[in-house]
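Have a look at the structure below before the remarks.
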Amino acid sequence: MDSLEKLHGIISNAGEYITGFKQKSGKKVVGVMHPIVPQELIYAAGLYPVRLFPMKKETITKAHESLQAYTSSIFRAIWDQVLKGGFDFLDAVVLPESCETVTYFARGWQYNRPGDKVFTFSGVRYHKNENGEKLFRKQSERLIKSLEDLSGQKVTDSALADAIDLYNENRRLLKEIFAFRKEQPPRISGTDFFAISLASAFLDKQEANAVLGKISDELRKTGGAGDRSKKRILLSGPCIVDKKIYESIESSDAYVVADDTNFGLRSFNSMVDPDKEPIAALSNAYADVPCPFSTSAETRLRVLEELISEYNVDGVVFAIEKFCEAETMDFPYLEKNIKEKLGKPVLLLETEFLGDLAPIKTRIDAFVESIQ
Amino acid sequence: MKKLECGKAVSGALRQYYRDIWEKRPLAWSVVSSNPLNDICNLLGIQVAYPENYACVCAAQHLSEKYCTIAESNNYKSDLCSYIRNNFGFLLDQGSEHPLGGLPKPDVITVVSNACLNYIKWFDALRLHFDVPYVLLNTPHKMSQDDDPSLYVDYVAGEIEEAIKELEKISGRKVTSAKLKETAHYSREQGKYWREILELNKSTPAPLNFPDLANLIFVPTSLSGTELGLSLLKQAYEEVRDRVKNGVGAIDDERHRLILLNIPPWYRLGISSYFAEKGCVLPFGDYTRYVWCTQDIDDSDPLEHFAYKALGMATDGGYGSSTVETLYGPLEKRIEEDIKAYNIDGAVVQINKSCKIMSTGGLDIARFIRDKMDIPVVVLDADQADERFYSDAEFKQRLDAFFDALGE
Ligand code: SF4
Ligand code: SF4
């Protein structure tokens, strides 16, 4: 599929795409960490939101001067590339209260690069009650003010409604494509879906929706081709940004049929109710994003249980970034329940940015082979 | 090192506290950070046990190797805070003898999210482990200079009101407004005495060293919002004031005054004696000065008092807490002022694999102190409660080079 191949190319040159779109659209670029920031607000301010991830496969050489090593290497790599000019196309960033590294280093970013526009969004984890919605509103209003100052454009009700529709459409398309993996064999590989979801994280949403629509149409027409006897794997983990993890699993005797990751499901599973007052609707939707830093292990188990049953999963692979503590903290509970309650085997992999995947590959092969 | 006379009264209170958590019910497990739920539990007659403190006890008794290994073999991986691993190691090793007889099972889990983000995850895991009610007080972290606590005080006060309702159900008692006012008053006064004690420690020689302060911090944390806590701190204050009047220092022959950043390795508390032998006293650090009781908080509206206490962010241009603001909070102005006021001539900056919140910013603060304050700095790597990777020889070697840089 041409569109798919194009996306594989784009994800390895994200910076180039972003710079190109910035020039073409004249929009300022706002980098966003994590799926819990309501990007609709950014879009409605006439800005171009992109999710942050290490866009180059470069060894970390500078970050350690300011960011201690007992932190996630994904974020250290981002910081390293910021320091080395790899993110010079950014006009601002939004850092939410989320995982430990990002939350604690938000002030470090501001301290080390006082010229950067760093907007923060705190207190909105665990905001599941009415009082929490008020806080979400207050924080959204503060963020809107900063965004309007940056773009010189007001966030009007109609712009926000349009942004919500556009993002909902993006979520709908991603869900639709995600679901093409229900069948055996799946109509699309996990590796391809990874490329789609990662690209959606930084492509302009209109362009993304056009490509996703095309891919979805094509997939609807084609049946899945491939080995029906391969095992069906659910991959769970935080910021998985390297498609090699997917390739490692899929070059074993298995398909990745569902992914619960920061760039996968967590980025599109919560639809925003278009009929509700917009900020209340955003608050509701973003409270439901099942990232471990904003929800209980118990809620996450429910999400995983559903995926396991709907996607007929044979085994679960957790690929957890070293020092990603919230994710690590949930693992014992999730593993115990998935094994004991659902009777599914579980494999835990510890990953690091640019880490050696050879030993991981051996473990994946053994795991897939062991699945009955 | 000279022990405080009032230390006996504090130890007595500590023993009584441990008897109470075994003998009285209901019992909460909670966190020691600037946590108003503890004040409210004390008010409602709910006993509070602290897994963090218990992890320190285990580490001091050199059990961290055992407990961390058990936790890790049960999937609590080594990059998690060692307090958490000590805690789950202890919980999962129910057949053996434990220090102080262990910790009795809780009737409720309470947690405030104002220190590390792991608090919520850890205590949520405890809730799932014990299957008991869970009272969570969510507080925003200060992530930028314009995160002013006044933005959040209504939200946090609302959360505290909800928490009170839950805790009332558990205790079967009611929080009256008179009682809440009294508790807020004790909480405020305790804070005042703690800060006064730290003020006195600006004197040369310093009347208190780090271990004295670390022992004393039991009072405004575990006995927060109580009359007993206030009277113990008053006693301590008076004694410290007398020490200052009489020129009595915590160590003999004080020659250097050091700032200590981060949580020290509890399994090597003797390391303070090593510092003392070299004439070095540790009159303050982030752990003792920037975490608890950091500022005066008006108590005329008790709910507001507790909300500001939980937020821990600086009010009225004052100083908040480093755990909620990270080390970037005191950087640069406060650190500079404090280094001057305490007459500090060297800095020990520890990077601690367990406590990311107290380690992030450590490198920037070390650079600031070295370059802008022009005093020797040593950056050490040590975990607070996981002894397995600690090497005394290596630690001392680094310190010796630092002592050389400090001079005589
Ligand atoms: S991998 Fe985990 S710690 Fe790292 S940036 Fe993502 S969520 Fe944060
Ligand atoms: S990470 Fe730090 S703040 Fe959190 S429990 Fe451990 S020592 Fe305490």
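Every chain in the structure tokens has a letter given in the order shown (A, B, ...), and although residue numbers restart at 1 in each chain, ligands are simply numbered from 1 in the order shown.
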
Margin query: If the limit is 9 Å from any atom of ligand 2, counting only C-alpha atoms and all ligand atoms, which residues qualify? Return them as a PyMOL selection string.
Written below: chain B and resi 31-33+52+80-84+114-119+122+263+323+352-359+384-385

Written selection (C-alpha atoms) as a PDB file, in the first residue's frame:
ATOM      1  CA  VAL B  31       2.593   9.158  53.503  1.00  0.00           C
ATOM      2  CA  VAL B  32       4.772  11.481  55.573  1.00  0.00           C
ATOM      3  CA  SER B  33       5.013  14.389  53.174  1.00  0.00           C
ATOM      4  CA  GLU B  52       8.193   5.214  54.340  1.00  0.00           C
ATOM      5  CA  LEU B  80      11.322   1.734  41.688  1.00  0.00           C
ATOM      6  CA  CYS B  81      11.961   3.718  44.843  1.00  0.00           C
ATOM      7  CA  SER B  82      13.589   1.513  47.488  1.00  0.00           C
ATOM      8  CA  TYR B  83      10.969   2.536  50.045  1.00  0.00           C
ATOM      9  CA  ILE B  84       8.395   0.878  47.831  1.00  0.00           C
ATOM     10  CA  ASN B 114       2.289  16.291  46.690  1.00  0.00           C
ATOM     11  CA  ALA B 115       5.664  14.594  46.746  1.00  0.00           C
ATOM     12  CA  CYS B 116       6.653  12.024  44.165  1.00  0.00           C
ATOM     13  CA  LEU B 117       4.142  10.891  41.575  1.00  0.00           C
ATOM     14  CA  ASN B 118       4.753   7.367  42.767  1.00  0.00           C
ATOM     15  CA  TYR B 119       2.908   8.012  45.973  1.00  0.00           C
ATOM     16  CA  TRP B 122       2.305   2.858  45.490  1.00  0.00           C
ATOM     17  CA  ILE B 263      17.801  11.789  51.347  1.00  0.00           C
ATOM     18  CA  THR B 323       9.399  18.083  46.805  1.00  0.00           C
ATOM     19  CA  ASN B 352      19.622   9.012  44.497  1.00  0.00           C
ATOM     20  CA  LYS B 353      18.330   6.366  42.145  1.00  0.00           C
ATOM     21  CA  SER B 354      15.226   5.925  44.257  1.00  0.00           C
ATOM     22  CA  CYS B 355      14.020   9.446  44.702  1.00  0.00           C
ATOM     23  CA  LYS B 356      13.829  11.021  41.285  1.00  0.00           C
ATOM     24  CA  ILE B 357      11.967  14.055  42.546  1.00  0.00           C
ATOM     25  CA  MET B 358      14.753  14.950  44.938  1.00  0.00           C
ATOM     26  CA  SER B 359      17.453  14.106  42.415  1.00  0.00           C
ATOM     27  CA  GLN B 384      18.476   5.998  50.427  1.00  0.00           C
ATOM     28  CA  ALA B 385      17.227   2.515  51.339  1.00  0.00           C
TER      29      ALA B 385
END

Checklist line | Shell of 8 Å around ligand 1 (only C-alpha atoms and all ligand atoms), written as a PyMOL selection string | finding: chain A and resi 33-34+71-75+98-102+237-240+262+293+320-327

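DSSP annotation of range 32-186 of chain A from backbone atoms: strand (DSSP E) residues are Val32, Tyr48, Pro49, Val50, Arg51, Ala92, Val93, Val94, Leu95, Pro96, Val118, Phe119, Thr120 and Phe121 of chain A.
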
Checklist line | Distance-based interface of chain A with chain B, 8 Å, counting only C-alpha atoms, as a VMD selection string | finding: chain A and resid 65 to 68 70 to 71 97 99 to 101 103 to 108 110 to 111 119 to 124 126 131 to 132 134 to 135 293 296 to 297 322 to 323 325 to 326 328 to 333

Report as CSV: every residue of range 13-95 of chain A with an atom at most 10 Å from range 192-198 of chain A, its closest pair of atoms, and their distance in Å to one decimal, counting only C-alpha atoms, with rows sorted by chain and ascending residue number.
residue,atom,partner,partner_atom,distance
A:Ala14,CA,A:Leu198,CA,9.6
A:Arg51,CA,A:Leu198,CA,8.9
A:Phe53,CA,A:Leu198,CA,9.4

If we count only C-alpha atoms, what is near Lys179 in chain B at a cut-off of 10 Å, once residues fewer than 3 positions away on the same chain are taken out, given as a PDB file with N, CA and C atoms, in the first residue's frame?
ATOM      1  N   ILE B  40      -5.731  15.304  60.141  1.00  0.00           N
ATOM      2  CA  ILE B  40      -7.160  15.005  60.283  1.00  0.00           C
ATOM      3  C   ILE B  40      -7.352  13.607  60.885  1.00  0.00           C
ATOM      4  N   LEU B  43      -6.803  13.919  64.502  1.00  0.00           N
ATOM      5  CA  LEU B  43      -7.984  14.553  65.102  1.00  0.00           C
ATOM      6  C   LEU B  43      -9.120  13.531  65.300  1.00  0.00           C
ATOM      7  N   LEU B  44      -9.275  12.643  64.336  1.00  0.00           N
ATOM      8  CA  LEU B  44     -10.402  11.703  64.375  1.00  0.00           C
ATOM      9  C   LEU B  44     -10.080  10.417  65.153  1.00  0.00           C
ATOM     10  N   LYS B 174     -17.001  12.645  64.193  1.00  0.00           N
ATOM     11  CA  LYS B 174     -17.222  13.826  63.349  1.00  0.00           C
ATOM     12  C   LYS B 174     -16.096  14.835  63.562  1.00  0.00           C
ATOM     13  N   VAL B 175     -15.773  15.538  62.509  1.00  0.00           N
ATOM     14  CA  VAL B 175     -14.818  16.646  62.629  1.00  0.00           C
ATOM     15  C   VAL B 175     -15.626  17.901  62.943  1.00  0.00           C
ATOM     16  N   THR B 176     -15.490  18.413  64.162  1.00  0.00           N
ATOM     17  CA  THR B 176     -16.219  19.656  64.468  1.00  0.00           C
ATOM     18  C   THR B 176     -15.373  20.837  64.021  1.00  0.00           C
ATOM     19  N   GLU B 182      -8.594  23.938  66.040  1.00  0.00           N
ATOM     20  CA  GLU B 182      -7.528  23.653  67.006  1.00  0.00           C
ATOM     21  C   GLU B 182      -6.381  22.888  66.320  1.00  0.00           C
ATOM     22  N   THR B 183      -6.760  21.926  65.486  1.00  0.00           N
ATOM     23  CA  THR B 183      -5.746  21.123  64.793  1.00  0.00           C
ATOM     24  C   THR B 183      -4.927  21.999  63.849  1.00  0.00           C
ATOM     25  N   ALA B 184      -5.605  22.889  63.136  1.00  0.00           N
ATOM     26  CA  ALA B 184      -4.881  23.792  62.226  1.00  0.00           C
ATOM     27  C   ALA B 184      -3.937  24.689  63.026  1.00  0.00           C
ATOM     28  N   HIS B 185      -4.401  25.086  64.205  1.00  0.00           N
ATOM     29  CA  HIS B 185      -3.561  25.935  65.049  1.00  0.00           C
ATOM     30  C   HIS B 185      -2.284  25.178  65.451  1.00  0.00           C
ATOM     31  N   PRO B 302      -9.369  27.009  58.665  1.00  0.00           N
ATOM     32  CA  PRO B 302      -8.580  25.770  58.767  1.00  0.00           C
ATOM     33  C   PRO B 302      -8.501  24.971  57.461  1.00  0.00           C
TER      34      PRO B 302
END

Note to self: Show me, as a ChimeraX atom specification, the residues that have an atom within 12 Å of Gly213 in chain A when counting only C-alpha atoms, minus same-chain residues fewer than 6 positions from it.
What the structure shows: /A:3-4,169-177,196,205-207,219-220

Check: Between B:Tyr342, B:Tyr193, B:Phe218, B:Trp292, which is the closest to Ile259 in chain B once you count only C-alpha atoms?
Finding: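 Answer, going by the shortest atom-to-atom distance: B:Tyr342.
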
Check: Within 6 Å of range 228-234 of chain A, counting only C-alpha atoms, which residues qualify if same-chain residues fewer than 4 places away don't, as a PyMOL selection string?
Finding: chain A and resi 184-185+253-259+313-316

Margin query: Can you tell me which residues surround Tyr246 in chain A at a distance of at most 7 Å, considering only C-alpha atoms, apart from same-chain residues fewer than 4 positions away, and format the answer as a PyMOL selection string?
Written below: chain A and resi 190-191+250+256

Margin query: Can you measure CA of Val289 in chain A to CA of Arg266 in chain A for me? One decimal in Å is fine.
Written below: 5.7 Å

Item checked: Neighbour list for range 1-10 of chain B as JSON, numbers by chain, cut-off 7 Å, only C-alpha atoms, skip fewer than 2 positions in-chain -> {"B": [12, 13, 14, 232, 235, 236, 250, 251]}

For the selection just defined, write its residues with N, CA, C and O atoms to a file, as a compact mmCIF listing (two decimals), in the first residue's frame.
# COMPACT_ATOMS: atom_id res chain seq x y z
N GLY B 12 10.26 8.64 73.74
CA GLY B 12 9.10 8.15 74.49
C GLY B 12 7.85 8.26 73.62
O GLY B 12 7.03 7.33 73.56
N ALA B 13 7.70 9.40 72.95
CA ALA B 13 6.52 9.62 72.09
C ALA B 13 6.54 8.62 70.93
O ALA B 13 5.50 8.10 70.53
N LEU B 14 7.74 8.33 70.44
CA LEU B 14 7.86 7.39 69.33
C LEU B 14 7.44 5.99 69.78
O LEU B 14 6.72 5.28 69.08
N LEU B 232 6.47 19.05 72.28
CA LEU B 232 7.81 18.47 72.06
C LEU B 232 8.69 19.43 71.27
O LEU B 232 9.87 19.60 71.57
N GLN B 235 9.83 22.24 73.49
CA GLN B 235 10.95 21.80 74.36
C GLN B 235 12.25 21.79 73.56
O GLN B 235 13.28 22.25 74.03
N ALA B 236 12.16 21.24 72.37
CA ALA B 236 13.36 21.16 71.53
C ALA B 236 13.89 22.56 71.24
O ALA B 236 15.09 22.83 71.35
N ALA B 250 26.75 21.08 68.00
CA ALA B 250 26.34 19.68 67.89
C ALA B 250 27.55 18.77 67.80
O ALA B 250 27.53 17.63 68.26
N ILE B 251 28.61 19.26 67.19
CA ILE B 251 29.82 18.42 67.10
C ILE B 251 30.97 19.19 67.76
O ILE B 251 30.93 20.41 67.89

Next item on the list: Once DSSP has gone over the backbone, tell me which residues of range 97-311 of chain A are in alpha helix (DSSP H), as a PyMOL selection string.
Entry: chain A and resi 100-112+130-151+157-179+190-200+205-221+243-250+278-287+297-310

Next item on the list: Enter the distance from CA of Ala45 in chain A to CA of Ala199 in chain A, in Å, rounded to one decimal.
Entry: 21.9 Å

Item checked: Distance of CA of Phe395 in chain B from CA of Gly279 in chain B, expressed in Å to one decimal place -> 17.6 Å
